[in-house]
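K.L.:
Pasting in a structure now, in structure tokens, and then I'll have a few things to ask.
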Amino acid sequence: MSRIFKTSSILVVRIMAFGLATSVLVNCGGPETKPTSSVLSVGPTNQKVNEPPTIENTQGEPPKKSTYVIDSVAAEKSKALFEAIVKNDEKKAKLAYGRAVRVLPDIVQLAVDLRLKNYDHGATVLEKTPLTNDQKAFWNGIILKKPRNLEKAVCEALGANSAFPVAGEKVPDEEAEWLKHFDDVATQIVNPNNTPKERSELTMSIDRVICTDRECGPINDNLRDEILTDKFFDNLHNMRRRDTRFYKANYKSPLKIWQYVPYVSDMALFKFYKAVKNTSYEKQNHFIRRFKGIARDMRSETILSRSIAAIILGDEQDLALSKRLGNFLTTNSLISAVTRIEGELASCQAPGASSSQPPNGTAKPSSN
């Protein structure tokens with residue numbers, strides 16, 4: 001599980017989240033993330049478009065306890081490397097990698113090679129990793145291209161192979177344990193005291209909406225006068241834009257992301273939307289249109305943000321793509337965590353999709 005970003009929107013690793021080992025629980029009344037077995041999920045593939053993504057046990061049975069034990073020398077040697085990666089210090093990461101590479105397992109070397117774009121060395125360790133043959137073929141294609149932009153190359157490769165990745169692939173024990181170790185190192189830097197994430201005043205205002213296990217709303221009359229106003233939605237939209245800009249500028253640095261207090265969280269926004277949908281109100285359609293304007297702006301932030309936006313917009317095609325991207329982050333969890341690939345992969349555009357559907361960082365004006 002990821003302890004660092006429990007109150008954040010991602011995965012990954014959401015994410016994650018923000019690339020770390022987390023499973024997303026998009027539920028009106030529940031927390032934003034729910035710890036599971038070192039994977040990120042944005043919901044089952046048969047989820048209805050008007051329902052939030054939910055946790056699904058893709059393994060079909062309780063996860064078995066790992067038998068893999070990390071070598072103590074490798075764990076110690078990797079610490080400086082992982083610390084540099086978490087702090088987004090590429091220079092120190094390269095130096096630490098040079099000192100530690102001989103004792104690191106191949107899956108860790110591959111993840112770091114992709115982060116540092118050491119493609120020649122990555123090609124030599126890929127075949128020795130515990131990845132599946134399909135994964136090896138996928139990453140071999142990426143490595144042969146030696147892309148300057150890893151995320152763009154991954155997006156293009158996913159577009160060219162709609163059958164990859166296969167849903168429900170088990171993360172190897174070795175990879176899962178190293179992901180946990182990476183998370184432990186990151187936690188000691190980002191949140192050593194396990195301090196709960198602060199909530200903004202805007203999020204606390206929205207949290208006054210009453211939710212059950214599956215539904216939110218209707219909004220009480222006394223609360224409508226406060227939060228169902230154009231002034232409140234103007235502030236909500238502007239603050240959400242600020243959150244998106246900050247994340248897109250700093251997603252490579254878990255430390256900065258943790259220190260930042262978002263004006264409005266993904267889940268606060270989503271439960272507010274669900275509550276408005278369940279509130280009989282003369283201006284209900286007006287505010288639902290305003291939600292759609294917010295949704296268009298938030299689609300390129302994280303896989304969770306994109307998934308929620310697709311639900312608000314009723315975009316089944318993009319919701320399906322979001323789930324596929326989330327599955328990719330899950331089945332390539334350590335690589336996702338080390339490279340922080342979700343920050344740009346959330347903008348991945350499906351081939352042949354219309355320009356109004358996929359996120360591209362520039363939203364069309366909305367009619368409010």
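As shown in the structure tokens, the chain order sets the letters A, B, ...; within each chain, residues go from 1, and ligands are also counted from 1 in the order they appear.
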Mind checking which residues fall within 12 Å of Phe246 (chain A), counting only C-alpha atoms, ignoring those fewer than 3 positions away in the same chain, and posting them as a PyMOL selection string?

P.N.:
chain A and resi 239-243+249-253+256-263+298+301+343

K.L.:
Set the distance at 12 Å and use only C-alpha atoms: which residues neighbour Asn161 (chain A) once local chain neighbours fewer than 2 positions away are removed? I'd like the list as a short mmCIF file (atom, residue, chain, number, x, y, z; two decimals) with C-alpha atoms, in the first residue's frame.

P.N.:
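Once everything was written out, this is selection-v7.cif:
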```cif
data_model
loop_
_atom_site.label_atom_id
_atom_site.label_comp_id
_atom_site.auth_asym_id
_atom_site.auth_seq_id
_atom_site.Cartn_x
_atom_site.Cartn_y
_atom_site.Cartn_z
CA ASP A 134 3.97 -9.45 -23.50
CA GLN A 135 5.44 -6.85 -21.16
CA ALA A 137 7.90 -7.24 -25.97
CA PHE A 138 6.18 -3.95 -25.18
CA GLY A 141 9.74 -1.80 -28.54
CA VAL A 154 4.24 4.61 -24.24
CA CYS A 155 1.02 6.32 -25.32
CA GLU A 156 1.78 5.66 -28.99
CA ALA A 157 2.67 2.03 -28.28
CA LEU A 158 -0.57 1.49 -26.34
CA GLY A 159 -2.50 3.02 -29.22
CA ALA A 163 -4.79 -5.88 -26.73
CA PHE A 164 -2.12 -4.74 -24.27
CA PRO A 165 -2.11 -4.83 -21.32
CA VAL A 166 -4.15 -7.86 -20.32
CA ARG A 324 -6.92 0.72 -19.65
CA ALA A 350 -6.60 7.42 -28.26
CA PRO A 351 -5.91 7.12 -31.99
#
```

K.L.:
Which one of A:Lys65, A:Pro172, A:Asp106, A:Ala80 sits closest to Ser333 (chain A) if you count only C-alpha atoms?

P.N.:
A:Pro172

K.L.:
When you look at Leu269 (chain A) with a cut-off of 10 Å (counting only C-alpha atoms), what residues show up, excluding the ones that are within fewer than 2 positions of it in the same chain? I need them as a PDB file with all heavy atoms, in the first residue's frame.

P.N.:
```pdb
ATOM      1  N   CYS A  28     -18.663   7.613  -3.178  1.00  0.00           N
ATOM      2  CA  CYS A  28     -19.161   8.876  -2.646  1.00  0.00           C
ATOM      3  C   CYS A  28     -18.924   9.025  -1.161  1.00  0.00           C
ATOM      4  O   CYS A  28     -18.569  10.080  -0.679  1.00  0.00           O
ATOM      5  CB  CYS A  28     -20.657   9.001  -2.933  1.00  0.00           C
ATOM      6  SG  CYS A  28     -21.014   9.924  -4.415  1.00  0.00           S
ATOM      7  N   LEU A 202     -12.413  25.057   0.910  1.00  0.00           N
ATOM      8  CA  LEU A 202     -13.340  24.724  -0.165  1.00  0.00           C
ATOM      9  C   LEU A 202     -13.759  23.255  -0.082  1.00  0.00           C
ATOM     10  O   LEU A 202     -14.945  22.927  -0.209  1.00  0.00           O
ATOM     11  CB  LEU A 202     -12.684  25.023  -1.514  1.00  0.00           C
ATOM     12  CG  LEU A 202     -13.574  24.957  -2.756  1.00  0.00           C
ATOM     13  CD1 LEU A 202     -14.736  25.930  -2.632  1.00  0.00           C
ATOM     14  CD2 LEU A 202     -12.757  25.286  -4.000  1.00  0.00           C
ATOM     15  N   THR A 203     -12.784  22.384   0.150  1.00  0.00           N
ATOM     16  CA  THR A 203     -13.093  20.966   0.294  1.00  0.00           C
ATOM     17  C   THR A 203     -13.973  20.718   1.512  1.00  0.00           C
ATOM     18  O   THR A 203     -14.918  19.919   1.466  1.00  0.00           O
ATOM     19  CB  THR A 203     -11.803  20.134   0.406  1.00  0.00           C
ATOM     20  OG1 THR A 203     -11.100  20.191  -0.839  1.00  0.00           O
ATOM     21  CG2 THR A 203     -12.098  18.679   0.733  1.00  0.00           C
ATOM     22  N   ILE A 206     -17.569  21.530   0.748  1.00  0.00           N
ATOM     23  CA  ILE A 206     -18.207  20.474  -0.042  1.00  0.00           C
ATOM     24  C   ILE A 206     -18.468  19.242   0.810  1.00  0.00           C
ATOM     25  O   ILE A 206     -19.473  18.546   0.632  1.00  0.00           O
ATOM     26  CB  ILE A 206     -17.327  20.121  -1.257  1.00  0.00           C
ATOM     27  CG1 ILE A 206     -17.209  21.328  -2.190  1.00  0.00           C
ATOM     28  CG2 ILE A 206     -17.893  18.930  -2.012  1.00  0.00           C
ATOM     29  CD1 ILE A 206     -16.228  21.129  -3.337  1.00  0.00           C
ATOM     30  N   ASP A 207     -17.582  18.964   1.758  1.00  0.00           N
ATOM     31  CA  ASP A 207     -17.721  17.779   2.605  1.00  0.00           C
ATOM     32  C   ASP A 207     -18.945  17.849   3.521  1.00  0.00           C
ATOM     33  O   ASP A 207     -19.298  16.849   4.163  1.00  0.00           O
ATOM     34  CB  ASP A 207     -16.463  17.577   3.452  1.00  0.00           C
ATOM     35  CG  ASP A 207     -15.331  16.942   2.659  1.00  0.00           C
ATOM     36  OD1 ASP A 207     -15.608  16.390   1.577  1.00  0.00           O
ATOM     37  OD2 ASP A 207     -14.175  17.003   3.114  1.00  0.00           O
ATOM     38  N   LEU A 236     -14.861  27.480  -7.359  1.00  0.00           N
ATOM     39  CA  LEU A 236     -14.562  26.057  -7.488  1.00  0.00           C
ATOM     40  C   LEU A 236     -13.783  25.766  -8.765  1.00  0.00           C
ATOM     41  O   LEU A 236     -12.768  25.056  -8.749  1.00  0.00           O
ATOM     42  CB  LEU A 236     -15.866  25.255  -7.485  1.00  0.00           C
ATOM     43  CG  LEU A 236     -15.773  23.733  -7.567  1.00  0.00           C
ATOM     44  CD1 LEU A 236     -15.162  23.180  -6.285  1.00  0.00           C
ATOM     45  CD2 LEU A 236     -17.154  23.129  -7.794  1.00  0.00           C
ATOM     46  N   ARG A 240      -9.820  24.685  -8.905  1.00  0.00           N
ATOM     47  CA  ARG A 240      -9.484  23.397  -9.501  1.00  0.00           C
ATOM     48  C   ARG A 240      -8.455  23.561 -10.610  1.00  0.00           C
ATOM     49  O   ARG A 240      -7.550  22.741 -10.779  1.00  0.00           O
ATOM     50  CB  ARG A 240     -10.753  22.748 -10.048  1.00  0.00           C
ATOM     51  CG  ARG A 240     -10.524  21.369 -10.645  1.00  0.00           C
ATOM     52  CD  ARG A 240     -10.095  20.370  -9.577  1.00  0.00           C
ATOM     53  NE  ARG A 240      -9.251  19.330 -10.128  1.00  0.00           N
ATOM     54  CZ  ARG A 240      -9.076  18.131  -9.601  1.00  0.00           C
ATOM     55  NH1 ARG A 240      -9.700  17.823  -8.483  1.00  0.00           N
ATOM     56  NH2 ARG A 240      -8.290  17.254 -10.139  1.00  0.00           N
ATOM     57  N   VAL A 264      -9.374  21.769  -4.021  1.00  0.00           N
ATOM     58  CA  VAL A 264     -10.524  20.862  -4.057  1.00  0.00           C
ATOM     59  C   VAL A 264     -10.047  19.503  -4.566  1.00  0.00           C
ATOM     60  O   VAL A 264      -9.446  19.403  -5.627  1.00  0.00           O
ATOM     61  CB  VAL A 264     -11.664  21.421  -4.931  1.00  0.00           C
ATOM     62  CG1 VAL A 264     -11.189  21.744  -6.331  1.00  0.00           C
ATOM     63  CG2 VAL A 264     -12.838  20.452  -4.987  1.00  0.00           C
ATOM     64  N   SER A 265     -10.302  18.468  -3.785  1.00  0.00           N
ATOM     65  CA  SER A 265      -9.819  17.142  -4.146  1.00  0.00           C
ATOM     66  C   SER A 265     -10.737  16.496  -5.185  1.00  0.00           C
ATOM     67  O   SER A 265     -11.888  16.903  -5.370  1.00  0.00           O
ATOM     68  CB  SER A 265      -9.748  16.250  -2.904  1.00  0.00           C
ATOM     69  OG  SER A 265     -11.054  15.967  -2.422  1.00  0.00           O
ATOM     70  N   ASP A 266     -10.218  15.471  -5.853  1.00  0.00           N
ATOM     71  CA  ASP A 266     -11.009  14.739  -6.838  1.00  0.00           C
ATOM     72  C   ASP A 266     -12.302  14.215  -6.231  1.00  0.00           C
ATOM     73  O   ASP A 266     -13.378  14.351  -6.807  1.00  0.00           O
ATOM     74  CB  ASP A 266     -10.204  13.546  -7.383  1.00  0.00           C
ATOM     75  CG  ASP A 266      -9.135  13.969  -8.366  1.00  0.00           C
ATOM     76  OD1 ASP A 266      -9.371  14.928  -9.116  1.00  0.00           O
ATOM     77  OD2 ASP A 266      -8.065  13.341  -8.372  1.00  0.00           O
ATOM     78  N   MET A 267     -12.191  13.576  -5.076  1.00  0.00           N
ATOM     79  CA  MET A 267     -13.346  12.925  -4.498  1.00  0.00           C
ATOM     80  C   MET A 267     -14.351  13.903  -3.926  1.00  0.00           C
ATOM     81  O   MET A 267     -15.559  13.669  -3.968  1.00  0.00           O
ATOM     82  CB  MET A 267     -12.910  11.912  -3.436  1.00  0.00           C
ATOM     83  CG  MET A 267     -12.213  10.703  -4.025  1.00  0.00           C
ATOM     84  SD  MET A 267     -13.071  10.016  -5.452  1.00  0.00           S
ATOM     85  CE  MET A 267     -14.687   9.739  -4.776  1.00  0.00           C
ATOM     86  N   LYS A 271     -18.178  13.763  -5.317  1.00  0.00           N
ATOM     87  CA  LYS A 271     -19.358  13.561  -4.469  1.00  0.00           C
ATOM     88  C   LYS A 271     -20.283  14.786  -4.537  1.00  0.00           C
ATOM     89  O   LYS A 271     -21.509  14.642  -4.440  1.00  0.00           O
ATOM     90  CB  LYS A 271     -18.953  13.243  -3.032  1.00  0.00           C
ATOM     91  CG  LYS A 271     -18.535  14.410  -2.174  1.00  0.00           C
ATOM     92  CD  LYS A 271     -18.375  13.936  -0.727  1.00  0.00           C
ATOM     93  CE  LYS A 271     -18.192  15.104   0.221  1.00  0.00           C
ATOM     94  NZ  LYS A 271     -18.106  14.675   1.628  1.00  0.00           N
ATOM     95  N   PHE A 272     -19.719  15.975  -4.743  1.00  0.00           N
ATOM     96  CA  PHE A 272     -20.529  17.177  -4.938  1.00  0.00           C
ATOM     97  C   PHE A 272     -21.364  17.043  -6.218  1.00  0.00           C
ATOM     98  O   PHE A 272     -22.558  17.346  -6.245  1.00  0.00           O
ATOM     99  CB  PHE A 272     -19.610  18.393  -4.997  1.00  0.00           C
ATOM    100  CG  PHE A 272     -20.322  19.724  -5.037  1.00  0.00           C
ATOM    101  CD1 PHE A 272     -21.632  19.864  -4.595  1.00  0.00           C
ATOM    102  CD2 PHE A 272     -19.655  20.851  -5.524  1.00  0.00           C
ATOM    103  CE1 PHE A 272     -22.272  21.099  -4.632  1.00  0.00           C
ATOM    104  CE2 PHE A 272     -20.295  22.085  -5.570  1.00  0.00           C
ATOM    105  CZ  PHE A 272     -21.598  22.206  -5.127  1.00  0.00           C
ATOM    106  N   TYR A 273     -20.741  16.550  -7.269  1.00  0.00           N
ATOM    107  CA  TYR A 273     -21.449  16.327  -8.533  1.00  0.00           C
ATOM    108  C   TYR A 273     -22.594  15.328  -8.339  1.00  0.00           C
ATOM    109  O   TYR A 273     -23.716  15.555  -8.801  1.00  0.00           O
ATOM    110  CB  TYR A 273     -20.466  15.814  -9.591  1.00  0.00           C
ATOM    111  CG  TYR A 273     -21.125  15.217 -10.810  1.00  0.00           C
ATOM    112  CD1 TYR A 273     -21.735  16.030 -11.771  1.00  0.00           C
ATOM    113  CD2 TYR A 273     -21.162  13.833 -11.000  1.00  0.00           C
ATOM    114  CE1 TYR A 273     -22.352  15.483 -12.886  1.00  0.00           C
ATOM    115  CE2 TYR A 273     -21.777  13.279 -12.105  1.00  0.00           C
ATOM    116  CZ  TYR A 273     -22.371  14.104 -13.040  1.00  0.00           C
ATOM    117  OH  TYR A 273     -22.984  13.556 -14.142  1.00  0.00           O
ATOM    118  N   LYS A 274     -22.308  14.216  -7.647  1.00  0.00           N
ATOM    119  CA  LYS A 274     -23.345  13.212  -7.415  1.00  0.00           C
ATOM    120  C   LYS A 274     -24.494  13.794  -6.593  1.00  0.00           C
ATOM    121  O   LYS A 274     -25.664  13.483  -6.826  1.00  0.00           O
ATOM    122  CB  LYS A 274     -22.751  12.003  -6.690  1.00  0.00           C
ATOM    123  CG  LYS A 274     -21.724  11.220  -7.492  1.00  0.00           C
ATOM    124  CD  LYS A 274     -22.356  10.431  -8.599  1.00  0.00           C
ATOM    125  CE  LYS A 274     -23.091   9.224  -8.081  1.00  0.00           C
ATOM    126  NZ  LYS A 274     -23.619   8.367  -9.178  1.00  0.00           N
ATOM    127  N   ALA A 275     -24.160  14.645  -5.634  1.00  0.00           N
ATOM    128  CA  ALA A 275     -25.200  15.248  -4.796  1.00  0.00           C
ATOM    129  C   ALA A 275     -26.084  16.182  -5.614  1.00  0.00           C
ATOM    130  O   ALA A 275     -27.311  16.184  -5.452  1.00  0.00           O
ATOM    131  CB  ALA A 275     -24.549  16.006  -3.644  1.00  0.00           C
ATOM    132  N   PHE A 291     -20.376  21.806 -13.971  1.00  0.00           N
ATOM    133  CA  PHE A 291     -19.516  20.669 -13.629  1.00  0.00           C
ATOM    134  C   PHE A 291     -18.793  20.153 -14.869  1.00  0.00           C
ATOM    135  O   PHE A 291     -17.619  19.780 -14.807  1.00  0.00           O
ATOM    136  CB  PHE A 291     -20.335  19.538 -13.010  1.00  0.00           C
ATOM    137  CG  PHE A 291     -20.456  19.612 -11.511  1.00  0.00           C
ATOM    138  CD1 PHE A 291     -21.678  19.817 -10.906  1.00  0.00           C
ATOM    139  CD2 PHE A 291     -19.337  19.468 -10.707  1.00  0.00           C
ATOM    140  CE1 PHE A 291     -21.789  19.884  -9.529  1.00  0.00           C
ATOM    141  CE2 PHE A 291     -19.427  19.526  -9.330  1.00  0.00           C
ATOM    142  CZ  PHE A 291     -20.676  19.739  -8.736  1.00  0.00           C
ATOM    143  N   ILE A 294     -15.780  22.182 -15.591  1.00  0.00           N
ATOM    144  CA  ILE A 294     -14.686  21.828 -14.686  1.00  0.00           C
ATOM    145  C   ILE A 294     -14.053  20.515 -15.121  1.00  0.00           C
ATOM    146  O   ILE A 294     -12.827  20.358 -15.134  1.00  0.00           O
ATOM    147  CB  ILE A 294     -15.206  21.732 -13.242  1.00  0.00           C
ATOM    148  CG1 ILE A 294     -15.706  23.100 -12.757  1.00  0.00           C
ATOM    149  CG2 ILE A 294     -14.109  21.209 -12.307  1.00  0.00           C
ATOM    150  CD1 ILE A 294     -16.428  23.056 -11.418  1.00  0.00           C
ATOM    151  N   ALA A 295     -14.901  19.552 -15.489  1.00  0.00           N
ATOM    152  CA  ALA A 295     -14.414  18.224 -15.880  1.00  0.00           C
ATOM    153  C   ALA A 295     -13.485  18.308 -17.087  1.00  0.00           C
ATOM    154  O   ALA A 295     -12.464  17.619 -17.150  1.00  0.00           O
ATOM    155  CB  ALA A 295     -15.590  17.302 -16.174  1.00  0.00           C
ATOM    156  N   SER A 305      -8.459  11.572 -12.042  1.00  0.00           N
ATOM    157  CA  SER A 305      -9.115  12.802 -12.474  1.00  0.00           C
ATOM    158  C   SER A 305      -9.782  12.602 -13.829  1.00  0.00           C
ATOM    159  O   SER A 305     -10.922  13.032 -14.060  1.00  0.00           O
ATOM    160  CB  SER A 305      -8.088  13.939 -12.579  1.00  0.00           C
ATOM    161  OG  SER A 305      -7.458  14.178 -11.351  1.00  0.00           O
ATOM    162  N   ILE A 308     -12.949  10.359 -13.476  1.00  0.00           N
ATOM    163  CA  ILE A 308     -14.076  11.102 -12.918  1.00  0.00           C
ATOM    164  C   ILE A 308     -14.640  12.081 -13.940  1.00  0.00           C
ATOM    165  O   ILE A 308     -15.859  12.212 -14.103  1.00  0.00           O
ATOM    166  CB  ILE A 308     -13.642  11.836 -11.637  1.00  0.00           C
ATOM    167  CG1 ILE A 308     -13.387  10.832 -10.518  1.00  0.00           C
ATOM    168  CG2 ILE A 308     -14.701  12.852 -11.199  1.00  0.00           C
ATOM    169  CD1 ILE A 308     -12.811  11.447  -9.253  1.00  0.00           C
TER     170      ILE A 308
END
```

K.L.:
Using only C-alpha atoms, can you tell me which of A:Gln109, A:Thr302, A:Asn194, A:Asn285 comes closest to Arg340 (chain A)?

P.N.:
A:Thr302

K.L.:
Calculated over only C-alpha atoms, which of the candidates A:Ala186, A:Ala167, A:Ile219, A:Val103 has the smallest distance to Leu329 (chain A)?

P.N.:
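So, comparing all the options, the nearest one is A:Ala167.
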
K.L.:
Of the residues A:Asp297, A:Glu201, A:Asp120, A:Asp221, which is the one nearest to Lys145 (chain A), using only C-alpha atoms?

P.N.:
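That would be A:Asp120, the residue with the smallest distance to Lys145 (chain A).
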
K.L.:
When you draw a straight line from CA of Ala111 (chain A) to CA of Lys136 (chain A), how long is it in Å?

P.N.:
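Computed distance, CA of Ala111 (chain A) to CA of Lys136 (chain A), equals 12.6 Å.
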